[in-house]
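Asker: So here's data_7.txt, just compact mmCIF, C-alpha atoms and all ligand atoms:
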```txt
# COMPACT_ATOMS: atom_id res chain seq x y z
CA MET A 1 -47.75 -47.43 -10.69
CA GLN A 2 -46.15 -50.61 -9.46
CA LEU A 3 -43.67 -50.89 -6.60
CA LEU A 4 -40.33 -52.50 -7.47
CA SER A 5 -40.82 -55.43 -5.06
CA ASN A 6 -44.41 -56.09 -6.24
CA PHE A 7 -43.27 -56.01 -9.85
CA LEU A 8 -40.52 -58.56 -9.15
CA LYS A 9 -42.91 -60.78 -7.19
CA HIS A 10 -45.42 -60.70 -10.05
CA LYS A 11 -42.64 -61.73 -12.39
CA LYS A 12 -42.02 -64.68 -10.05
CA ILE A 13 -38.41 -63.70 -9.44
CA ASP A 14 -36.72 -65.81 -6.74
CA THR A 15 -37.86 -64.29 -3.42
CA GLU A 16 -34.33 -64.23 -1.99
CA LEU A 17 -33.14 -62.29 -5.02
CA VAL A 18 -36.03 -59.83 -4.55
CA GLU A 19 -34.95 -59.39 -0.93
CA LEU A 20 -31.37 -58.77 -2.02
CA ILE A 21 -32.45 -56.16 -4.57
CA ASP A 22 -34.50 -54.43 -1.85
CA THR A 23 -31.38 -54.32 0.31
CA LEU A 24 -29.35 -52.83 -2.55
CA MET A 25 -32.02 -50.16 -3.03
CA LEU A 26 -31.96 -49.31 0.68
CA ALA A 27 -28.27 -48.46 0.27
CA CYS A 28 -28.83 -46.54 -2.97
CA LYS A 29 -31.57 -44.43 -1.35
CA GLU A 30 -29.14 -43.46 1.40
CA ILE A 31 -26.50 -42.55 -1.23
CA ALA A 32 -29.12 -40.46 -3.09
CA LEU A 33 -29.82 -38.56 0.15
CA GLN A 34 -26.13 -37.86 0.74
CA LEU A 35 -25.76 -36.59 -2.83
CA ARG A 36 -28.81 -34.37 -2.62
CA GLU A 37 -27.32 -32.05 0.01
CA GLY A 38 -23.85 -31.79 -1.59
CA GLU A 39 -21.84 -28.92 -0.13
CA LEU A 40 -24.38 -28.49 2.71
CA ALA A 41 -23.58 -31.97 4.01
CA GLY A 42 -19.82 -31.38 3.64
CA VAL A 43 -19.49 -34.45 1.42
CA LEU A 44 -17.90 -32.90 -1.69
CA GLY A 45 -14.20 -32.85 -2.54
CA ILE A 46 -11.38 -35.35 -2.32
CA SER A 47 -10.21 -37.49 0.58
CA ASP A 48 -6.61 -38.21 1.57
CA ASN A 49 -6.91 -41.78 0.23
CA THR A 50 -6.12 -43.52 -3.04
CA ASN A 51 -7.78 -46.80 -4.06
CA ILE A 52 -6.08 -50.00 -5.25
CA GLN A 53 -6.00 -48.63 -8.81
CA GLY A 54 -4.03 -45.56 -7.64
CA GLU A 55 -6.98 -43.20 -8.11
CA THR A 56 -7.62 -40.45 -5.55
CA GLN A 57 -10.90 -41.21 -3.80
CA LYS A 58 -13.56 -38.55 -3.49
CA LYS A 59 -15.20 -38.28 -0.07
CA LEU A 60 -18.41 -39.53 -1.66
CA ASP A 61 -16.63 -42.57 -3.16
CA ILE A 62 -15.76 -43.60 0.38
CA ILE A 63 -19.16 -42.73 1.87
CA SER A 64 -21.05 -44.63 -0.86
CA ASN A 65 -18.75 -47.63 -0.53
CA GLU A 66 -19.23 -47.77 3.24
CA ILE A 67 -23.03 -47.51 2.92
CA LEU A 68 -23.24 -50.35 0.39
CA LYS A 69 -20.82 -52.56 2.29
CA LYS A 70 -22.59 -52.13 5.62
CA VAL A 71 -26.15 -52.52 4.33
CA LEU A 72 -25.30 -55.56 2.17
CA LEU A 73 -23.19 -57.38 4.76
CA ASP A 74 -26.00 -56.92 7.31
CA ASN A 75 -28.18 -59.10 5.08
CA PRO A 76 -27.53 -62.80 5.88
CA LEU A 77 -28.19 -63.68 2.23
CA VAL A 78 -24.88 -62.00 1.33
CA ARG A 79 -21.71 -64.08 1.48
CA GLY A 80 -19.45 -61.29 0.29
CA VAL A 81 -19.01 -58.08 -1.66
CA ALA A 82 -16.30 -56.86 -4.05
CA SER A 83 -16.01 -53.15 -4.69
CA GLU A 84 -14.02 -50.93 -7.01
CA GLU A 85 -12.96 -49.05 -3.86
CA GLU A 86 -11.74 -52.06 -1.81
CA ASP A 87 -8.43 -53.90 -2.25
CA HIS A 88 -10.06 -57.31 -1.73
CA ALA A 89 -13.51 -58.81 -1.36
CA VAL A 90 -15.12 -58.40 2.07
CA PHE A 91 -17.12 -61.25 3.58
CA GLY A 92 -20.28 -61.56 5.69
CA ASN A 93 -22.38 -64.62 6.45
CA PRO A 94 -20.45 -67.83 5.52
CA GLU A 95 -23.81 -69.44 4.68
CA GLY A 96 -24.85 -66.52 2.44
CA ARG A 97 -25.92 -67.39 -1.08
CA PHE A 98 -25.09 -64.20 -2.99
CA LEU A 99 -21.97 -62.32 -4.03
CA VAL A 100 -22.40 -58.67 -4.98
CA THR A 101 -19.93 -56.53 -6.91
CA PHE A 102 -20.31 -52.78 -7.25
CA ASP A 103 -18.87 -49.50 -8.37
CA PRO A 104 -20.30 -47.43 -5.51
CA LEU A 105 -20.16 -44.10 -7.33
CA ASP A 106 -19.39 -44.29 -11.02
CA GLY A 107 -18.39 -41.04 -12.71
CA SER A 108 -17.23 -39.56 -9.43
CA SER A 109 -15.03 -37.03 -11.26
CA ASN A 110 -18.41 -35.37 -11.95
CA ILE A 111 -19.56 -35.03 -8.33
CA ASP A 112 -18.07 -31.64 -7.59
CA ILE A 113 -19.57 -30.13 -10.76
CA ASN A 114 -23.05 -31.54 -9.97
CA VAL A 115 -23.29 -33.77 -13.03
CA SER A 116 -24.98 -37.20 -12.91
CA VAL A 117 -23.23 -40.10 -11.17
CA GLY A 118 -24.49 -43.58 -10.31
CA THR A 119 -24.09 -46.89 -8.49
CA ILE A 120 -23.51 -49.96 -10.69
CA PHE A 121 -24.04 -53.46 -9.27
CA SER A 122 -23.90 -57.11 -10.27
CA VAL A 123 -25.21 -60.17 -8.41
CA LEU A 124 -23.56 -63.60 -8.61
CA GLU A 125 -24.21 -66.82 -6.75
CA VAL A 126 -21.63 -68.56 -4.58
CA PRO A 127 -20.33 -71.46 -6.70
CA ALA A 128 -21.37 -74.95 -5.60
CA GLY A 129 -19.00 -76.88 -3.32
CA GLU A 130 -16.85 -75.93 -0.35
CA HIS A 131 -15.07 -72.65 -0.79
CA GLU A 132 -13.03 -70.49 1.53
CA ASP A 133 -13.64 -66.76 1.62
CA SER A 134 -11.42 -65.31 -1.10
CA ASP A 135 -11.52 -63.04 -4.16
CA SER A 136 -11.58 -66.15 -6.34
CA LEU A 137 -15.27 -66.79 -5.48
CA PHE A 138 -16.08 -63.77 -7.62
CA LEU A 139 -14.08 -64.84 -10.69
CA GLN A 140 -17.07 -65.90 -12.77
CA PRO A 141 -17.84 -64.73 -16.32
CA GLY A 142 -20.63 -62.18 -16.77
CA THR A 143 -22.89 -64.86 -18.24
CA GLN A 144 -23.25 -66.15 -14.65
CA GLN A 145 -24.82 -62.92 -13.34
CA LEU A 146 -28.23 -63.42 -11.71
CA ALA A 147 -29.04 -59.72 -11.84
CA ALA A 148 -27.36 -56.46 -12.77
CA GLY A 149 -28.28 -52.81 -12.78
CA TYR A 150 -27.50 -49.26 -11.83
CA VAL A 151 -29.08 -46.39 -10.01
CA LEU A 152 -28.47 -43.12 -11.83
CA TYR A 153 -28.50 -40.09 -9.52
CA GLY A 154 -29.55 -37.43 -12.00
CA PRO A 155 -32.29 -34.81 -11.88
CA HIS A 156 -34.28 -37.80 -10.64
CA ALA A 157 -32.92 -41.13 -9.39
CA VAL A 158 -33.64 -44.09 -11.70
CA LEU A 159 -32.96 -47.79 -11.27
CA SER A 160 -32.39 -49.83 -14.44
CA LEU A 161 -32.58 -53.50 -13.56
CA THR A 162 -32.31 -56.87 -15.25
CA THR A 163 -32.79 -60.28 -13.66
CA GLY A 164 -32.15 -61.98 -17.01
CA ASP A 165 -35.62 -61.39 -18.44
CA GLY A 166 -35.47 -57.95 -20.08
CA VAL A 167 -34.74 -54.54 -18.61
CA ASN A 168 -37.11 -52.39 -16.57
CA MET A 169 -36.71 -48.91 -15.11
CA PHE A 170 -38.00 -47.62 -11.78
CA THR A 171 -38.02 -44.00 -10.61
CA LEU A 172 -37.41 -43.06 -6.97
CA ALA A 173 -40.55 -41.31 -5.71
CA HIS A 174 -40.69 -38.76 -2.85
CA THR A 175 -42.21 -41.57 -0.74
CA GLY A 176 -38.88 -43.43 -0.91
CA ASP A 177 -40.31 -46.14 -3.18
CA PHE A 178 -38.94 -47.17 -6.56
CA LEU A 179 -41.92 -47.20 -8.96
CA LEU A 180 -42.03 -48.88 -12.37
CA THR A 181 -41.74 -46.22 -15.09
CA GLN A 182 -40.40 -48.08 -18.17
CA GLU A 183 -41.20 -51.72 -18.89
CA ASP A 184 -39.27 -53.94 -21.34
CA VAL A 185 -36.76 -51.32 -22.43
CA THR A 186 -35.23 -51.94 -25.86
CA VAL A 187 -32.20 -50.29 -27.43
CA PRO A 188 -32.93 -49.10 -31.00
CA GLU A 189 -30.94 -51.25 -33.47
CA THR A 190 -29.46 -48.31 -35.36
CA THR A 191 -28.18 -44.94 -34.20
CA ALA A 192 -26.43 -41.76 -35.30
CA GLU A 193 -24.97 -40.94 -31.87
CA PHE A 194 -21.67 -42.04 -30.36
CA ALA A 195 -19.76 -41.48 -27.11
CA ILE A 196 -15.99 -41.65 -26.76
CA ASN A 197 -13.34 -39.55 -25.05
CA MET A 198 -11.90 -37.98 -28.23
CA SER A 199 -8.90 -36.56 -26.38
CA ASN A 200 -7.39 -40.05 -26.32
CA GLN A 201 -7.53 -40.42 -30.10
CA ARG A 202 -3.76 -40.48 -30.59
CA PHE A 203 -3.50 -43.50 -28.27
CA TRP A 204 -6.14 -45.68 -29.96
CA GLU A 205 -5.62 -48.68 -32.23
CA PRO A 206 -5.77 -47.89 -35.98
CA ALA A 207 -9.12 -49.71 -36.29
CA MET A 208 -10.74 -47.40 -33.71
CA ARG A 209 -9.21 -44.32 -35.34
CA ASN A 210 -10.51 -45.39 -38.76
CA TYR A 211 -13.99 -46.04 -37.40
CA ILE A 212 -14.26 -42.66 -35.67
CA ASP A 213 -12.78 -40.87 -38.74
CA ASP A 214 -15.53 -42.45 -40.85
CA LEU A 215 -18.23 -41.32 -38.38
CA LEU A 216 -16.85 -37.79 -38.42
CA ALA A 217 -16.87 -37.76 -42.24
CA GLY A 218 -20.68 -37.83 -42.03
CA THR A 219 -22.65 -38.01 -45.28
CA GLU A 220 -19.37 -37.57 -47.23
CA GLY A 221 -17.88 -40.77 -45.75
CA PRO A 222 -18.54 -44.52 -46.05
CA ARG A 223 -21.13 -44.49 -43.21
CA ALA A 224 -23.17 -42.01 -45.27
CA GLN A 225 -24.90 -40.21 -42.39
CA ASN A 226 -24.11 -37.38 -40.00
CA TYR A 227 -23.33 -38.45 -36.43
CA ASN A 228 -23.77 -36.58 -33.17
CA MET A 229 -21.37 -36.99 -30.22
CA ARG A 230 -21.88 -36.94 -26.43
CA TRP A 231 -19.37 -37.48 -23.61
CA ILE A 232 -20.62 -37.10 -20.04
CA ALA A 233 -17.67 -38.94 -18.41
CA SER A 234 -20.16 -40.95 -16.33
CA MET A 235 -20.61 -44.38 -17.91
CA VAL A 236 -23.80 -44.80 -15.96
CA ALA A 237 -25.31 -41.70 -17.60
CA GLU A 238 -24.08 -42.74 -21.07
CA VAL A 239 -25.62 -46.21 -20.70
CA HIS A 240 -28.85 -44.66 -19.47
CA ARG A 241 -28.97 -42.49 -22.58
CA ILE A 242 -28.34 -45.54 -24.78
CA LEU A 243 -31.07 -47.57 -23.06
CA THR A 244 -33.40 -44.60 -23.54
CA ARG A 245 -32.70 -43.55 -27.14
CA GLY A 246 -29.91 -45.74 -28.54
CA GLY A 247 -26.29 -44.92 -29.32
CA LEU A 248 -22.80 -46.35 -29.10
CA PHE A 249 -20.51 -45.98 -26.09
CA THR A 250 -16.89 -47.03 -26.13
CA TYR A 251 -13.92 -46.74 -23.80
CA PRO A 252 -11.38 -48.68 -25.84
CA TRP A 253 -7.92 -50.02 -25.10
CA ASP A 254 -5.34 -47.31 -25.56
CA SER A 255 -1.56 -47.19 -25.50
CA ARG A 256 -1.22 -44.91 -22.45
CA ASP A 257 -0.84 -48.01 -20.31
CA PRO A 258 -0.42 -50.90 -22.78
CA LYS A 259 -0.50 -53.54 -20.03
CA LYS A 260 -4.06 -52.56 -19.08
CA PRO A 261 -6.77 -53.71 -21.49
CA GLY A 262 -8.76 -50.49 -20.94
CA LYS A 263 -9.84 -48.01 -18.27
CA LEU A 264 -13.11 -49.57 -17.18
CA ARG A 265 -13.38 -52.52 -14.84
CA LEU A 266 -14.80 -55.84 -15.95
CA MET A 267 -16.57 -56.84 -12.73
CA TYR A 268 -17.93 -53.45 -11.61
CA GLU A 269 -18.72 -51.79 -14.95
CA GLY A 270 -18.17 -54.06 -17.98
CA ASN A 271 -20.24 -57.09 -16.95
CA PRO A 272 -23.27 -55.40 -15.34
CA MET A 273 -23.61 -52.86 -18.16
CA SER A 274 -23.18 -55.62 -20.76
CA MET A 275 -25.97 -57.66 -19.19
CA LEU A 276 -28.32 -54.65 -19.24
CA ILE A 277 -27.46 -53.77 -22.84
CA GLU A 278 -27.78 -57.36 -24.09
CA GLN A 279 -31.05 -57.84 -22.21
CA ALA A 280 -32.36 -54.73 -23.96
CA GLY A 281 -31.41 -56.15 -27.39
CA GLY A 282 -28.07 -54.34 -27.80
CA VAL A 283 -24.52 -55.68 -28.17
CA SER A 284 -21.52 -55.42 -25.84
CA SER A 285 -18.02 -56.33 -26.96
CA THR A 286 -14.34 -55.64 -26.36
CA CYS A 287 -14.24 -55.16 -30.17
CA TYR A 288 -12.80 -58.70 -30.31
CA GLN A 289 -15.03 -60.78 -28.04
CA ARG A 290 -18.28 -60.70 -26.08
CA ILE A 291 -17.51 -59.07 -22.73
CA MET A 292 -19.73 -61.41 -20.71
CA GLU A 293 -17.74 -64.46 -21.89
CA ILE A 294 -14.43 -63.25 -20.46
CA GLN A 295 -13.15 -65.47 -17.66
CA PRO A 296 -11.94 -62.95 -15.03
CA GLU A 297 -8.46 -63.50 -13.60
CA HIS A 298 -8.66 -60.95 -10.81
CA ILE A 299 -11.43 -58.83 -9.36
CA HIS A 300 -10.04 -55.46 -10.46
CA GLN A 301 -9.38 -56.57 -14.06
CA ARG A 302 -9.83 -53.89 -16.74
CA VAL A 303 -11.59 -54.31 -20.04
CA SER A 304 -12.05 -52.50 -23.34
CA VAL A 305 -15.76 -51.71 -23.77
CA ALA A 306 -17.94 -51.02 -26.82
CA LEU A 307 -21.68 -51.28 -26.28
CA GLY A 308 -25.02 -50.06 -27.52
CA SER A 309 -27.19 -50.23 -30.63
CA ARG A 310 -26.78 -53.60 -32.34
CA GLU A 311 -25.94 -52.45 -35.89
CA GLU A 312 -23.50 -49.75 -34.79
CA VAL A 313 -21.52 -51.99 -32.42
CA LYS A 314 -21.41 -54.66 -35.13
CA ALA A 315 -20.01 -52.08 -37.58
CA LEU A 316 -17.29 -51.10 -35.06
CA VAL A 317 -16.38 -54.76 -34.47
CA GLU A 318 -16.05 -55.26 -38.25
CA TYR A 319 -13.41 -52.48 -38.40
CA HIS A 320 -11.38 -54.56 -35.93
CA GLN A 321 -11.65 -57.65 -38.15
CA LYS A 322 -10.27 -55.91 -41.25
CA PRO A 323 -6.57 -56.35 -41.93
CA GLU A 324 -4.72 -53.05 -41.21
P1 LIG A 401 -14.83 -44.08 -12.13
O1 LIG A 401 -15.49 -45.40 -11.87
O2 LIG A 401 -13.58 -43.89 -11.30
O3 LIG A 401 -15.77 -42.93 -12.05
O4 LIG A 401 -14.24 -44.15 -13.64
C1 LIG A 401 -15.08 -44.59 -14.67
C2 LIG A 401 -15.55 -43.42 -15.50
C3 LIG A 401 -16.69 -43.78 -16.40
O5 LIG A 401 -17.90 -43.52 -15.77
C4 LIG A 401 -16.48 -42.87 -17.58
O6 LIG A 401 -16.97 -43.44 -18.78
C5 LIG A 401 -14.99 -42.72 -17.62
O7 LIG A 401 -14.50 -43.02 -16.33
C6 LIG A 401 -14.59 -41.32 -17.96
O8 LIG A 401 -13.22 -41.29 -18.17
P2 LIG A 401 -12.45 -39.97 -18.67
O9 LIG A 401 -12.23 -39.16 -17.44
O10 LIG A 401 -11.19 -40.53 -19.26
O11 LIG A 401 -13.31 -39.27 -19.68
MG MG A 402 -16.83 -46.44 -12.52
```
Output the file's structure in the form of structure tokens.
Ligand code: AHM
Ligand code: MG
Answerer:
Amino acid sequence: MQLLSNFLKHKKIDTELVELIDTLMLACKEIALQLREGELAGVLGISDNTNIQGETQKKLDIISNEILKKVLLDNPLVRGVASEEEDHAVFGNPEGRFLVTFDPLDGSSNIDINVSVGTIFSVLEVPAGEHEDSDSLFLQPGTQQLAAGYVLYGPHAVLSLTTGDGVNMFTLAHTGDFLLTQEDVTVPETTAEFAINMSNQRFWEPAMRNYIDDLLAGTEGPRAQNYNMRWIASMVAEVHRILTRGGLFTYPWDSRDPKKPGKLRLMYEGNPMSMLIEQAGGVSSTCYQRIMEIQPEHIHQRVSVALGSREEVKALVEYHQKPE
């Protein structure tokens, strides 16, 4: 089985990018170790802090964020990092070439119940020209990503990675190496499985309500097949399922906070997951536009997300094009 770095070298990926990915994996291995011991390491439960989005931080949100920040900023290739858990971007080497955004521990509401969580990351390049250190360096559409991926900390830890030439998966071995386990992952074009938090139904737009009603009608309804539903409340685990066997995942806009375009964050969740899904042949949309074409206005921007199997996401988007 091939080592991650050998695989990337064989694919002739830019050697600096390979080095950066190795650095990211060093941090993720440390996070995996912290997670493994749970209660024994005293890392479960909430902290006294809230993040910029007003969410209470779990102890492991903070620990994972600190590990990623430290390990990445120690690498001179890194100009700066932007994290879901930091108010503003944090900067390292002024000559660094890369910008990294991350959600250090996605699905952290699941930590205390020992359900899968993950680290999501996206790599951008510092734009050409003279720029001062500021959040604005990161405000690039998802189409500019050089690489994106996640490490899912489940029964085993798995990296799903794209550098813009397909998606490959690597499993963390007991030796501490990530080994290639799935090459050229593709999302099946059709599916009969969807993922949405149904408890928010009364807050959705009519188009989303109509679409889900039609799925629930099964063979009796216009979609003419029975659908199965899953909701893990860890996007990283839902996307892993979709990359593995297809499906549709959506966290749509809802009227609980009409000013926010959704719950998920464009730069830490929307863009990296969209790049993975598109690179595996799937579709990722807000239901109105391709997520990766959105020009971000601020680093913590939210976005409505619908991604997964090509035909199913297209069907959902069509519901949003029909007049009400
Ligand atoms: P987080 O980054 O704070 O963990 O929030 C994002 C998570 C996603 O992983 C998941 O899809 C969603 O929030 C679950 O939300 P809900 O609790 O509304 O089901
Ligand atoms: Mg998250």
Asker: Need the shell around Ala147 in chain A: protein/DNA/RNA residues with any atom at most 6 Å away, counting only C-alpha atoms. Skip same-chain ones fewer than 2 positions apart. Format as a compact mmCIF listing (two decimals) with C-alpha atoms, in the frame of the given file?
Answerer:
```txt
# COMPACT_ATOMS: atom_id res chain seq x y z
CA SER A 122 -23.90 -57.11 -10.27
CA VAL A 123 -25.21 -60.17 -8.41
CA GLN A 145 -24.82 -62.92 -13.34
CA THR A 162 -32.31 -56.87 -15.25
CA THR A 163 -32.79 -60.28 -13.66
```
Asker: What does the list of residues within 10 Å of ligand LIG 401 (chain A) look like if you count all atoms listed in the file, written as a PyMOL selection string?
Answerer: chain A and resi 51+53+55-58+61+84-85+102-111+116-120+195-200+231-239+249-251+263-265+268-269+305
Asker: Just how far from CA of Arg310 in chain A is CA of Pro188 in chain A, in Å to one decimal?
Answerer: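 One can read the CA of Pro188 in chain A to CA of Arg310 in chain A distance as 7.7 Å.
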Asker: Just give me the gap between CA of Ile212 in chain A and CA of Glu318 in chain A in Å, one decimal is fine.
Answerer: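 Taking CA of Ile212 in chain A as the start and CA of Glu318 in chain A as the end point, the length is 13.0 Å.
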Asker: What is the CA of Glu130 in chain A-CA of Arg79 in chain A distance in Å, reported with one decimal?
Answerer: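 Spanning CA of Glu130 in chain A to CA of Arg79 in chain A is a straight-line distance of 12.9 Å.
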Asker: With only C-alpha atoms as the counted atoms, please give the residues lying no more than 8 Å from range 15-19 of chain A, apart from itself and same-chain residues fewer than 6 positions off, as a PyMOL selection string.
Answerer: chain A and resi 5+8-9+77
Asker: For a quick check of understanding, using only C-alpha atoms and all ligand atoms, which of A:Leu26, A:Met273, A:Ala148, A:Ile21 has the smallest distance to ligand MG 402 (chain A)?
Answerer: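 Closest residue, counting only C-alpha atoms and all ligand atoms: A:Met273.
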